[in-house]
Protein chains: 2
Amino acid sequence: MPAVERRTGPIPGFAATEPVDDFSNRGRLRCSRCSVRGLCLPSGLAGRNVEDLDDLVYATRRIPAGEMLIRAGSPFRSLYAIRTGFFKSYTEQQGRPDRVTGFQMAGEIVGLDGIDRDAHTLNVKALEDSHVCVIPYVRLEALSARLPWLRRRVHRLMSREIGTGHGVMMLLGAMAAEERVAAFLLNLSSRFAARGFDEAEFVLRMSREDIGGYVGLTLETVSRVFSAFRDRGLIEVQLKMVRILDVGGLHAVLGRAVL
Amino acid sequence: MPAVERRTGPIPGFAATEPVDDFSNRGRLRCSRCSVRGLCLPSGLAGRNVEDLDDLVYATRRIPAGEMLIRAGSPFRSLYAIRTGFFKSYTEQQGRPDRVTGFQMAGEIVGLDGIDRDAHTLNVKALEDSHVCVIPYVRLEALSARLPWLRRRVHRLMSREIGTGHGVMMLLGAMAAEERVAAFLLNLSSRFAARGFDEAEFVLRMSREDIGGYVGLTLETVSRVFSAFRDRGLIEVQLKMVRILDVGGLHAVLGRAVL
DNA sequence: CGGGGATTTGACACATATCAAGAGCGGTGG
DNA sequence: CCACCGCTCTTGATATGTGTCAAATCCCCG
């Protein structure tokens with residue numbers, strides 16, 4: 001069962017079927033006070049204007065580790081901004097392991113792929129206890145009408161996701177196993193760094209199988225590559241714990257493979 | 001040298017560095033009269049409103065086969081709507097064959113990936129003589145301010161491109177060679193069909209190497225798979241000419257591989 | 001008609017998948 | 001608190017799909 005539900009009544013144009021566990025937004029949820037505002041929707045905005053966003057967020061929702069935030073096929077109504085936590089987006093394949101399209105962390109927006117068909121196309125599952133902001137699409141739309149910078153910002157977000165997709169295509173279509181894993185680790189590292197976490201030492205929230213599902217390898221190969229990197233002194237690995245000992249070395253593995 | 005250039009003076013906020021070979025838009029280029037409007041930006045619009053778009057297009061531009069429409073790294077100013085023709089989007093890799101991120105045809109929009117960084121990230125090259133509509137981003141922005149349906153439409157377009165990317169990830173990360181090629185052929189076929197062309201018989205505009213660069217295989221493997229399909233009576237191939245003899249059979253090759 | 005690139009086909013190599021077994025860790029319950 | 005159980009991870013042996021290298025053919029275009 002997905003999180004506790006507590007609602008505060010329907011929003012015009014927004015069917016109240018969203019499970020939420022926080023109050024409706026009466027100035028309580030403020031982008032202007034959010035710790036990840038520098039990465040999230042308000043990014044790049046000078047202070048005062050951020051308050052324009054303060055009635056954008058409908059509610060927050062707590063997603064315990066292992067619970068689904070979005071189920072593929074469900075009707076699209078909202079985007080979700082990740083406040084804290086870690087998610088994986090994936091499609092299920094009967095028998096085979098999940099095909100993972102990405103991992104998302106604080107400040108990132110999920111659900112953009114659902115706009116086109118008015119339905120979500122991917123499953124999104126929390127890999128650790130997480131909090132998200134529910135952003136009803138109709139509200140975003142309405143606010144976009146009068147906030148040019150918000151239109152622009154949403155365009156940039158979507159454009160970035162398109163570009164991210166191209167990066168993954170590069171990874172999947174043109175890189176060897178070690179290159180893929182190196183690229184994966186470096187990507188994670190820089191994203192942690194952007195959030196003020198240690199860029200050298202971090203915890204992998206996902207399993208080897210999930211990593212494999214993302215970079216297009218089997219879990220065994222991922223494990224082997226980790227071991228190979230360890231033996232060469234590039235990283236330390238102890239199950240979920242990873243410490244990057246030689247960033248330059250990892251970049252060298254990537255070689256001239258363009259990401 | 002890229003096509004003939006003929007301009008009609010600067011547009012506010014739009015530096016006149018775009019090579020164009022048609023007149024500036026004085027009601028001459030009309031989405032409302034365009035043959036691909038059903039697939040392009042105006043898609044889904046009731047007739048009369050389409051005229052709102054008529055001053056969106058700055059100019060058309062002819063791109064001869066083999067010429068570049070967009071060069072990776074160049075500053076982002078415009079989107080391009082394909083009127084006629086066929087393009088490939090790709091990144092160059094020194095030594096190795098191009099990594100192809102997609103093929104585009106009439107009614108499709110290219111350049112969306114450039115919004116995020118104000119620069120194009122992919123090369124886009126015409127594979128046959130083509131015509132595109134140049135859509136200055138500032139104009140699209142301005143028009144979006146007063147046309148809710150256009151905002152929505154652009155969101156949908158970008159969302160679709162995100163979803164397309166996920167489809168390619170699926171293909172590259174989880175499918176065997178024959179599955180990839182079958183998916184590629186079926187995808188092309190349905191897109192031709194949507195444009196009123198024969199869905200069973202069509203001309204491949206791209207080389208085997210380009211196909212390989214797209215589906216993540218070498219040109220030899222692509223060729224072998226084509227031959228295998230031919231031997232099994234699924235298709236006829238004669239260089240660029242392809243005829244699908246057994247659609248069901250191709251779908252069967254895909255099996256339960258989810259696209 | 002000639003030339004050069006694209007395509008096909010073959011032989012072989014190799015990277016990664018597959019199959020299998022064992023070890024380590026974490027969570028649960030006594 | 002300890003012991004057990006199950007799941008994830010690691011490591012090994014082997015299989016196999018696809019890449020690589022090479023050569024012949026075909027076509028298109030000049």
# chains A, B, ... in the order shown; residues from 1 in each chain; ligands from 1
call {"tool": "select_by_dssp", "arguments": {"residues": "region 38-127 of chain A", "states": "helix (DSSP H, G or I)", "output": "list in words"}}
result
Gly47, Arg48, Asn49, Val50, Glu51, Asp52, Leu53, Asp54, Asp55, Leu112, Asp113 and Gly114 of chain A
call {"tool": "write_last_selection", "arguments": {"atoms": "C-alpha atoms", "output": "PDB file, in the first residue's frame"}}
result
ATOM      1  CA  GLY A  47      15.315  35.343  -4.782  1.00  0.00           C
ATOM      2  CA  ARG A  48      12.124  37.309  -4.747  1.00  0.00           C
ATOM      3  CA  ASN A  49      10.488  35.769  -7.764  1.00  0.00           C
ATOM      4  CA  VAL A  50      10.761  32.300  -6.351  1.00  0.00           C
ATOM      5  CA  GLU A  51       7.731  33.086  -4.286  1.00  0.00           C
ATOM      6  CA  ASP A  52       5.666  32.993  -7.447  1.00  0.00           C
ATOM      7  CA  LEU A  53       6.108  29.248  -7.256  1.00  0.00           C
ATOM      8  CA  ASP A  54       4.920  28.915  -3.719  1.00  0.00           C
ATOM      9  CA  ASP A  55       1.428  27.865  -4.668  1.00  0.00           C
ATOM     10  CA  LEU A 112       7.807  14.498 -17.924  1.00  0.00           C
ATOM     11  CA  ASP A 113       7.485  11.528 -20.257  1.00  0.00           C
ATOM     12  CA  GLY A 114       3.804  11.240 -19.361  1.00  0.00           C
TER      13      GLY A 114
END
call {"tool": "interface_residues", "arguments": {"of": "chain C", "to": "chain A", "cutoff": "10 Å", "atoms": "only C-alpha atoms (C1' of nucleotides)", "output": "ChimeraX atom specification"}}
result
/C:15-18,24-25
call {"tool": "write_last_selection", "arguments": {"atoms": "C-alpha atoms (C1' of nucleotides)", "output": "PDB file, in the first residue's frame"}}
result
ATOM      1  C1'  DA C  15      33.722  -9.668 -25.072  1.00  0.00           C
ATOM      2  C1'  DT C  16      30.046 -10.527 -22.547  1.00  0.00           C
ATOM      3  C1'  DA C  17      26.114 -13.659 -21.405  1.00  0.00           C
ATOM      4  C1'  DT C  18      24.973 -17.797 -19.258  1.00  0.00           C
ATOM      5  C1'  DG C  24      29.088 -12.354   2.683  1.00  0.00           C
ATOM      6  C1'  DC C  25      25.853  -9.498   4.686  1.00  0.00           C
TER       7       DC C  25
END
call {"tool": "interface_residues", "arguments": {"of": "chain D", "to": "chain B", "cutoff": "12 Å", "atoms": "only C-alpha atoms (C1' of nucleotides)", "output": "MDAnalysis selection string"}}
result
chainID D and resid 17:21 26:28
call {"tool": "write_last_selection", "arguments": {"atoms": "C-alpha atoms (C1' of nucleotides)", "output": "short mmCIF file (atom, residue, chain, number, x, y, z; two decimals), in the first residue's frame"}}
result
data_model
loop_
_atom_site.label_atom_id
_atom_site.label_comp_id
_atom_site.auth_asym_id
_atom_site.auth_seq_id
_atom_site.Cartn_x
_atom_site.Cartn_y
_atom_site.Cartn_z
"C1'" DG D 17 26.40 -13.64 -30.25
"C1'" DT D 18 28.42 -10.12 -32.35
"C1'" DG D 19 32.64 -7.66 -33.63
"C1'" DT D 20 36.69 -7.74 -36.49
"C1'" DC D 21 39.26 -8.61 -40.50
"C1'" DC D 26 27.35 -5.04 -56.86
"C1'" DC D 27 25.75 -0.50 -58.09
"C1'" DC D 28 25.75 4.01 -58.80
#
call {"tool": "residues_around", "arguments": {"residues": "DA23 (chain C)", "least_positions_apart": "5", "cutoff": "12 Å", "atoms": "only C-alpha atoms (C1' of nucleotides)", "output": "VMD selection string"}}
result
chain D and resid 8 to 11
call {"tool": "interface_residues", "arguments": {"of": "chain B", "to": "chain A", "cutoff": "9 Å", "atoms": "only C-alpha atoms", "output": "JSON, numbers by chain"}}
result
{"B": [91, 92, 93, 94, 96, 99, 100, 101, 112, 113, 114, 115, 116, 117, 121, 141, 142, 144, 145, 146, 147, 148, 151, 152, 153, 154, 155, 156, 157, 158, 159, 160, 161, 162, 163, 165, 166, 168, 169, 170, 172, 173, 174, 213, 214, 215, 216, 217, 256, 257, 258]}
call {"tool": "residues_around", "arguments": {"residues": "Leu140 (chain A)", "least_positions_apart": "3", "cutoff": "9 Å", "atoms": "only C-alpha atoms (C1' of nucleotides)", "output": "compact mmCIF listing (two decimals) with C-alpha atoms, in the first residue's frame"}}
result
# COMPACT_ATOMS: atom_id res chain seq x y z
CA LEU A 56 2.57 25.51 -7.38
CA VAL A 57 3.14 22.54 -5.15
CA ILE A 135 3.13 19.40 -8.97
CA PRO A 136 -0.26 19.21 -10.65
CA TYR A 137 0.32 19.71 -14.34
CA LEU A 143 1.39 29.44 -13.86
CA SER A 144 3.30 29.15 -17.12
CA ALA A 145 0.79 31.43 -18.75
CA LEU A 150 8.85 29.31 -15.86
call {"tool": "residues_around", "arguments": {"residues": "Gly248 (chain B)", "least_positions_apart": "5", "cutoff": "10 Å", "atoms": "only C-alpha atoms (C1' of nucleotides)", "output": "PyMOL selection string"}}
result
chain B and resi 234+253-254
call {"tool": "residues_around", "arguments": {"residues": "Met206 (chain A)", "least_positions_apart": "5", "cutoff": "12 Å", "atoms": "only C-alpha atoms (C1' of nucleotides)", "output": "JSON list (two decimals) with C-alpha atoms (C1' of nucleotides), in the first residue's frame"}}
result
[["chain", "number", "residue", "atom", "x", "y", "z"],
["A", 65, "ALA", "CA", 11.97, 2.64, 0.27],
["A", 66, "GLY", "CA", 10.68, 0.06, -2.17],
["A", 86, "PHE", "CA", 16.55, 8.30, -4.59],
["A", 87, "PHE", "CA", 14.47, 6.69, -7.34],
["A", 88, "LYS", "CA", 14.82, 4.43, -10.31],
["A", 89, "SER", "CA", 12.72, 4.69, -13.45],
["A", 100, "VAL", "CA", 16.24, 0.92, -16.07],
["A", 102, "GLY", "CA", 17.47, 6.35, -15.15],
["A", 103, "PHE", "CA", 18.11, 7.08, -11.52],
["A", 104, "GLN", "CA", 16.77, 10.28, -10.00],
["A", 125, "LYS", "CA", 10.23, 3.32, -7.48],
["A", 126, "ALA", "CA", 11.89, 4.74, -4.40],
["A", 127, "LEU", "CA", 15.21, 3.08, -3.57],
["A", 128, "GLU", "CA", 15.31, 4.74, -0.19],
["A", 188, "LEU", "CA", 26.71, 9.57, -10.07],
["A", 211, "ILE", "CA", 23.02, -0.92, -12.54],
["A", 212, "GLY", "CA", 23.18, -3.62, -15.18],
["A", 213, "GLY", "CA", 19.67, -2.81, -16.28],
["A", 214, "TYR", "CA", 20.73, 0.78, -16.70],
["A", 219, "LEU", "CA", 24.73, -8.03, -12.96],
["A", 239, "LEU", "CA", 28.84, -3.88, -1.53],
["A", 240, "LYS", "CA", 26.88, -0.64, -1.70],
["A", 241, "MET", "CA", 29.72, 1.54, -0.52],
["D", 8, "DT", "C1'", 22.78, -9.99, -3.00]]
call {"tool": "atom_distance", "arguments": {"atom1": "CA of Leu204 (chain B)", "atom2": "CA of Thr60 (chain B)"}}
result
24.9 Å
call {"tool": "atom_distance", "arguments": {"atom1": "CA of Arg180 (chain B)", "atom2": "C1' of DC12 (chain C)"}}
result
24.4 Å
call {"tool": "select_by_dssp", "arguments": {"residues": "region 24-164 of chain B", "states": "strand (DSSP E)", "output": "JSON, numbers by chain"}}
result
{"B": [59, 60, 61, 62, 63, 68, 69, 70, 78, 79, 80, 81, 82, 83, 84, 86, 87, 88, 89, 90, 91, 99, 100, 101, 102, 103, 104, 105, 109, 110, 123, 124, 125, 126, 130, 131, 132, 133, 134, 135, 136]}
call {"tool": "write_last_selection", "arguments": {"atoms": "N, CA and C atoms", "output": "short mmCIF file (atom, residue, chain, number, x, y, z; two decimals), in the first residue's frame"}}
result
data_model
loop_
_atom_site.label_atom_id
_atom_site.label_comp_id
_atom_site.auth_asym_id
_atom_site.auth_seq_id
_atom_site.Cartn_x
_atom_site.Cartn_y
_atom_site.Cartn_z
N ALA B 59 11.19 31.37 -42.19
CA ALA B 59 11.56 31.13 -43.58
C ALA B 59 11.64 29.63 -43.79
N THR B 60 11.74 29.21 -45.02
CA THR B 60 12.08 27.82 -45.26
C THR B 60 13.51 27.78 -45.78
N ARG B 61 14.04 26.61 -45.70
CA ARG B 61 15.43 26.45 -46.10
C ARG B 61 15.54 25.12 -46.81
N ARG B 62 16.24 25.14 -47.92
CA ARG B 62 16.42 23.91 -48.66
C ARG B 62 17.75 23.29 -48.26
N ILE B 63 17.75 22.04 -47.96
CA ILE B 63 18.98 21.35 -47.59
C ILE B 63 19.21 20.22 -48.59
N MET B 68 24.55 19.64 -44.05
CA MET B 68 24.19 19.72 -42.63
C MET B 68 23.08 20.75 -42.42
N LEU B 69 22.12 20.37 -41.59
CA LEU B 69 21.12 21.34 -41.16
C LEU B 69 21.60 21.99 -39.87
N ILE B 70 22.15 21.17 -38.98
CA ILE B 70 22.62 21.65 -37.69
C ILE B 70 23.99 21.05 -37.41
N SER B 78 17.06 28.40 -33.30
CA SER B 78 15.83 27.99 -33.97
C SER B 78 15.57 26.50 -33.83
N LEU B 79 14.32 26.18 -33.95
CA LEU B 79 13.92 24.80 -34.17
C LEU B 79 13.66 24.66 -35.66
N TYR B 80 13.64 23.45 -36.13
CA TYR B 80 13.37 23.22 -37.54
C TYR B 80 12.26 22.20 -37.68
N ALA B 81 11.26 22.56 -38.44
CA ALA B 81 10.19 21.62 -38.74
C ALA B 81 10.45 21.07 -40.13
N ILE B 82 10.46 19.77 -40.24
CA ILE B 82 10.77 19.16 -41.53
C ILE B 82 9.52 19.16 -42.41
N ARG B 83 9.65 19.79 -43.54
CA ARG B 83 8.54 19.87 -44.49
C ARG B 83 8.58 18.64 -45.40
N THR B 84 9.73 18.44 -45.99
CA THR B 84 9.94 17.25 -46.82
C THR B 84 11.37 16.78 -46.60
N PHE B 86 14.46 13.87 -45.36
CA PHE B 86 14.87 12.84 -44.40
C PHE B 86 16.22 13.22 -43.80
N PHE B 87 16.32 13.13 -42.49
CA PHE B 87 17.55 13.54 -41.79
C PHE B 87 18.03 12.46 -40.84
N LYS B 88 19.31 12.55 -40.53
CA LYS B 88 19.82 11.76 -39.40
C LYS B 88 20.45 12.70 -38.40
N SER B 89 20.24 12.41 -37.12
CA SER B 89 20.87 13.14 -36.03
C SER B 89 21.96 12.25 -35.45
N TYR B 90 23.11 12.82 -35.19
CA TYR B 90 24.21 11.97 -34.75
C TYR B 90 25.30 12.76 -34.06
N THR B 91 26.13 12.04 -33.34
CA THR B 91 27.36 12.62 -32.83
C THR B 91 28.52 11.92 -33.51
N ARG B 99 27.60 7.79 -34.04
CA ARG B 99 26.53 7.30 -33.18
C ARG B 99 25.26 8.05 -33.58
N VAL B 100 24.31 7.34 -34.16
CA VAL B 100 23.10 7.97 -34.67
C VAL B 100 22.01 7.94 -33.61
N THR B 101 21.49 9.10 -33.26
CA THR B 101 20.46 9.15 -32.21
C THR B 101 19.06 9.07 -32.78
N GLY B 102 18.92 9.30 -34.07
CA GLY B 102 17.59 9.19 -34.64
C GLY B 102 17.54 9.60 -36.10
N PHE B 103 16.47 9.18 -36.75
CA PHE B 103 16.19 9.61 -38.12
C PHE B 103 14.89 10.41 -38.10
N GLN B 104 14.88 11.52 -38.82
CA GLN B 104 13.70 12.37 -38.78
C GLN B 104 13.11 12.55 -40.17
N MET B 105 11.78 12.61 -40.21
CA MET B 105 11.12 12.80 -41.50
C MET B 105 10.03 13.87 -41.41
N ILE B 109 10.01 17.67 -35.65
CA ILE B 109 10.73 18.86 -35.23
C ILE B 109 12.12 18.47 -34.75
N VAL B 110 13.15 19.14 -35.21
CA VAL B 110 14.49 18.86 -34.70
C VAL B 110 15.06 20.10 -34.03
N ASN B 123 24.66 16.74 -34.46
CA ASN B 123 24.69 17.09 -35.87
C ASN B 123 23.43 16.57 -36.51
N VAL B 124 22.90 17.34 -37.45
CA VAL B 124 21.74 16.88 -38.20
C VAL B 124 22.04 17.06 -39.67
N LYS B 125 22.01 15.97 -40.40
CA LYS B 125 22.39 15.99 -41.81
C LYS B 125 21.25 15.46 -42.67
N ALA B 126 21.06 16.11 -43.81
CA ALA B 126 20.02 15.66 -44.74
C ALA B 126 20.49 14.42 -45.48
N SER B 130 15.94 18.09 -48.99
CA SER B 130 14.91 18.32 -47.98
C SER B 130 14.56 19.79 -47.86
N HIS B 131 13.41 20.03 -47.27
CA HIS B 131 12.99 21.40 -46.96
C HIS B 131 12.56 21.47 -45.51
N VAL B 132 13.02 22.51 -44.83
CA VAL B 132 12.61 22.68 -43.44
C VAL B 132 12.05 24.08 -43.24
N CYS B 133 11.20 24.22 -42.23
CA CYS B 133 10.75 25.52 -41.79
C CYS B 133 11.59 25.96 -40.61
N VAL B 134 12.11 27.16 -40.69
CA VAL B 134 12.92 27.69 -39.60
C VAL B 134 12.00 28.36 -38.59
N ILE B 135 12.02 27.89 -37.36
CA ILE B 135 11.16 28.44 -36.31
C ILE B 135 12.03 29.09 -35.24
N PRO B 136 12.18 30.39 -35.30
CA PRO B 136 13.00 31.07 -34.28
C PRO B 136 12.41 30.82 -32.91
#
call {"tool": "atom_distance", "arguments": {"atom1": "CA of Tyr58 (chain A)", "atom2": "CA of Gly196 (chain A)"}}
result
27.1 Å
call {"tool": "residues_around", "arguments": {"residues": "DC1 (chain C)", "least_positions_apart": "2", "cutoff": "12 Å", "atoms": "only C-alpha atoms (C1' of nucleotides)", "output": "JSON, numbers by chain"}}
result
{"C": [3], "D": [29, 30]}
